[in-house]
Amino acid sequence: MGGRNRAFTAELIENRLVVWNPEEGSKLFQMGFYGKPVGIPKPKSADFDAPLNVDLIEGAYLLEKKVIRVVQGPEKRRVGIKALLRHARKVYDGFDDKYLVYKDLRNHGKIVLPGIKFGCDYAVYDRGPGIDHAPYMVSVRPRTDSLTATELVRAGRLATTVRKRFIIAVPDQKTGKVQYMIFKWFKA
């Protein structure tokens with residue numbers, strides 16, 4: 001990913017980044033289904049003529065990998081990774097844990113998209129939306145968090161209904177590692 005000569009430009013606007021150049025947005029999307037083209041809920045191809053909205057978690061990952069450069073304001077001043085992370089922590093509950101899990105999944109070659117429609121943090125694909133269905137739904141939980149039996153049953157029922165494996169990701173900020181608990185449901 002890092003072998004590019006020039007980073008794509010993304011503008012920080014409140015709680016998202018926007019790649020205004022449609023050609024750059026298309027290329028970025030094509031690199032791993034990053035972002036969502038404005039006005040195109042389910043793009044059929046990576047060739048679109050629209051700006052690209054990029055989530056702050058994706059943006060932090062792409063900035064860290066030097067795939068994008070982030071600017072802000074009318075003077076287009078540069079935003080570094082530390083400033084973007086500080087900003088994202090104000091916007092996202094549990095940003096550090098969610099970001100660590102996002103990075104781990106992406107670094108393992110997975111396509112990671114928001115999982116809000118499945119009631120979890122991430123929908124995770126092996127190849128990408130439109131190519132395959134997301135086989136995993138991932139919920140990020142801090143190590144100190146407890147999970148009730150009702151929450152576990154609810155998550156399991158939802159996962160089986162949408163034909164996905166339910167995974168709880170437990171990040172460890174001290175080591176930078178993530179532990180995954182995968183649940184498999186079966187009928188007795």
# chains A, B, ... in the order shown; residues from 1 in each chain; ligands from 1
call {"tool": "residues_around", "arguments": {"residues": "Leu12 of chain A", "least_positions_apart": "5", "cutoff": "7 Å", "atoms": "only C-alpha atoms", "output": "list in words"}}
result
Leu17, Val18, Val70, Val71 and Gln72 of chain A
call {"tool": "write_last_selection", "arguments": {"atoms": "N, CA and C atoms", "output": "PDB file, in the first residue's frame"}}
result
ATOM      1  N   LEU A  17     -13.699  12.691   6.593  1.00  0.00           N
ATOM      2  CA  LEU A  17     -12.746  13.214   5.624  1.00  0.00           C
ATOM      3  C   LEU A  17     -13.400  13.120   4.253  1.00  0.00           C
ATOM      4  N   VAL A  18     -13.110  14.088   3.384  1.00  0.00           N
ATOM      5  CA  VAL A  18     -13.673  14.072   2.040  1.00  0.00           C
ATOM      6  C   VAL A  18     -12.537  14.169   1.030  1.00  0.00           C
ATOM      7  N   VAL A  70      -3.958  14.717   4.922  1.00  0.00           N
ATOM      8  CA  VAL A  70      -5.169  15.355   5.427  1.00  0.00           C
ATOM      9  C   VAL A  70      -4.922  16.847   5.568  1.00  0.00           C
ATOM     10  N   VAL A  71      -5.890  17.634   5.069  1.00  0.00           N
ATOM     11  CA  VAL A  71      -5.836  19.090   5.179  1.00  0.00           C
ATOM     12  C   VAL A  71      -7.127  19.568   5.836  1.00  0.00           C
ATOM     13  N   GLN A  72      -7.090  20.819   6.325  1.00  0.00           N
ATOM     14  CA  GLN A  72      -8.272  21.363   6.992  1.00  0.00           C
ATOM     15  C   GLN A  72      -8.338  22.863   6.804  1.00  0.00           C
TER      16      GLN A  72
END
call {"tool": "select_by_dssp", "arguments": {"residues": "chain A", "states": "alpha helix (DSSP H)", "output": "count of residues only"}}
result
55
call {"tool": "atom_distance", "arguments": {"atom1": "atom CA of Val140 of chain A", "atom2": "atom CA of Arg163 of chain A"}}
result
19.4 Å
call {"tool": "closest_residue", "arguments": {"among": "A:Phe8, A:Phe183, A:Trp20, A:Tyr34", "to": "Val112 of chain A", "atoms": "only C-alpha atoms"}}
result
A:Tyr34
call {"tool": "select_by_dssp", "arguments": {"residues": "segment 20-168 of chain A", "states": "strand (DSSP E or B)", "output": "ChimeraX atom specification"}}
result
/A:36-37,52-55,68-72,77-79,111-114,122-125,136-140,165-168
call {"tool": "write_last_selection", "arguments": {"atoms": "N, CA and C atoms", "output": "compact mmCIF listing (two decimals), in the first residue's frame"}}
result
# COMPACT_ATOMS: atom_id res chain seq x y z
N LYS A 36 -17.02 5.93 1.12
CA LYS A 36 -18.31 5.78 0.43
C LYS A 36 -18.44 6.95 -0.52
N PRO A 37 -18.70 6.67 -1.82
CA PRO A 37 -18.91 7.78 -2.75
C PRO A 37 -20.18 8.55 -2.39
N LEU A 52 -15.52 11.34 -2.32
CA LEU A 52 -15.53 10.15 -1.47
C LEU A 52 -15.49 10.57 -0.01
N ASN A 53 -16.49 10.12 0.77
CA ASN A 53 -16.49 10.32 2.22
C ASN A 53 -15.68 9.21 2.86
N VAL A 54 -14.76 9.56 3.74
CA VAL A 54 -13.93 8.58 4.43
C VAL A 54 -14.14 8.77 5.93
N ASP A 55 -14.46 7.69 6.61
CA ASP A 55 -14.66 7.68 8.05
C ASP A 55 -13.33 8.02 8.74
N ILE A 68 -2.97 8.75 2.29
CA ILE A 68 -3.63 10.05 2.15
C ILE A 68 -2.83 11.10 2.91
N ARG A 69 -3.07 12.34 2.54
CA ARG A 69 -2.62 13.47 3.34
C ARG A 69 -3.89 14.21 3.72
N VAL A 70 -3.96 14.72 4.92
CA VAL A 70 -5.17 15.35 5.43
C VAL A 70 -4.92 16.85 5.57
N VAL A 71 -5.89 17.63 5.07
CA VAL A 71 -5.84 19.09 5.18
C VAL A 71 -7.13 19.57 5.84
N GLN A 72 -7.09 20.82 6.32
CA GLN A 72 -8.27 21.36 6.99
C GLN A 72 -8.34 22.86 6.80
N ARG A 77 -4.47 23.77 5.71
CA ARG A 77 -3.30 23.43 6.53
C ARG A 77 -3.27 21.93 6.79
N ARG A 78 -2.08 21.41 6.84
CA ARG A 78 -1.86 19.96 6.98
C ARG A 78 -2.24 19.50 8.38
N VAL A 79 -2.89 18.34 8.46
CA VAL A 79 -3.26 17.72 9.73
C VAL A 79 -2.44 16.44 9.85
N ILE A 111 -11.42 -6.74 4.55
CA ILE A 111 -12.12 -5.51 4.19
C ILE A 111 -13.05 -5.21 5.36
N VAL A 112 -12.91 -4.04 5.95
CA VAL A 112 -13.63 -3.70 7.18
C VAL A 112 -14.53 -2.51 6.91
N LEU A 113 -15.84 -2.72 7.09
CA LEU A 113 -16.82 -1.65 6.89
C LEU A 113 -17.65 -1.48 8.15
N PRO A 114 -18.29 -0.32 8.31
CA PRO A 114 -19.15 -0.13 9.49
C PRO A 114 -20.22 -1.22 9.55
N TYR A 122 -18.28 -3.64 13.25
CA TYR A 122 -17.76 -3.85 11.90
C TYR A 122 -18.40 -5.05 11.21
N ALA A 123 -18.62 -4.89 9.91
CA ALA A 123 -18.91 -6.03 9.04
C ALA A 123 -17.59 -6.30 8.33
N VAL A 124 -17.14 -7.54 8.36
CA VAL A 124 -15.82 -7.87 7.84
C VAL A 124 -15.94 -8.85 6.67
N TYR A 125 -15.30 -8.46 5.57
CA TYR A 125 -15.34 -9.24 4.34
C TYR A 125 -13.98 -9.86 4.07
N TYR A 136 -18.45 -12.12 8.67
CA TYR A 136 -18.24 -11.86 10.09
C TYR A 136 -18.85 -10.53 10.52
N MET A 137 -19.42 -10.54 11.71
CA MET A 137 -19.81 -9.29 12.36
C MET A 137 -18.99 -9.20 13.65
N VAL A 138 -18.34 -8.05 13.82
CA VAL A 138 -17.39 -7.89 14.92
C VAL A 138 -17.85 -6.81 15.87
N SER A 139 -17.87 -7.16 17.13
CA SER A 139 -18.18 -6.22 18.19
C SER A 139 -16.91 -6.00 19.01
N VAL A 140 -16.53 -4.75 19.19
CA VAL A 140 -15.31 -4.41 19.94
C VAL A 140 -15.70 -4.18 21.39
N ARG A 165 -20.79 -15.03 11.23
CA ARG A 165 -20.17 -15.48 12.47
C ARG A 165 -20.03 -14.26 13.37
N PHE A 166 -20.42 -14.42 14.62
CA PHE A 166 -20.32 -13.34 15.59
C PHE A 166 -18.97 -13.41 16.28
N ILE A 167 -18.26 -12.29 16.25
CA ILE A 167 -16.92 -12.22 16.84
C ILE A 167 -16.86 -11.06 17.83
N ILE A 168 -16.32 -11.33 18.99
CA ILE A 168 -16.02 -10.27 19.95
C ILE A 168 -14.52 -10.03 19.87
call {"tool": "atom_distance", "arguments": {"atom1": "atom CA of Ala169 of chain A", "atom2": "atom CA of Gly130 of chain A"}}
result
24.9 Å
call {"tool": "residues_around", "arguments": {"residues": "Asp47 of chain A", "least_positions_apart": "6", "cutoff": "10 Å", "atoms": "only C-alpha atoms", "output": "MDAnalysis selection string"}}
result
chainID A and resid 22:23 25:27 29:30
call {"tool": "residues_around", "arguments": {"residues": "segment 94-100 of chain A", "least_positions_apart": "3", "cutoff": "7 Å", "atoms": "only C-alpha atoms", "output": "list in words"}}
result
Ile57, Ala88, Arg89, Lys103, Asp104, Val140 and Pro171 of chain A
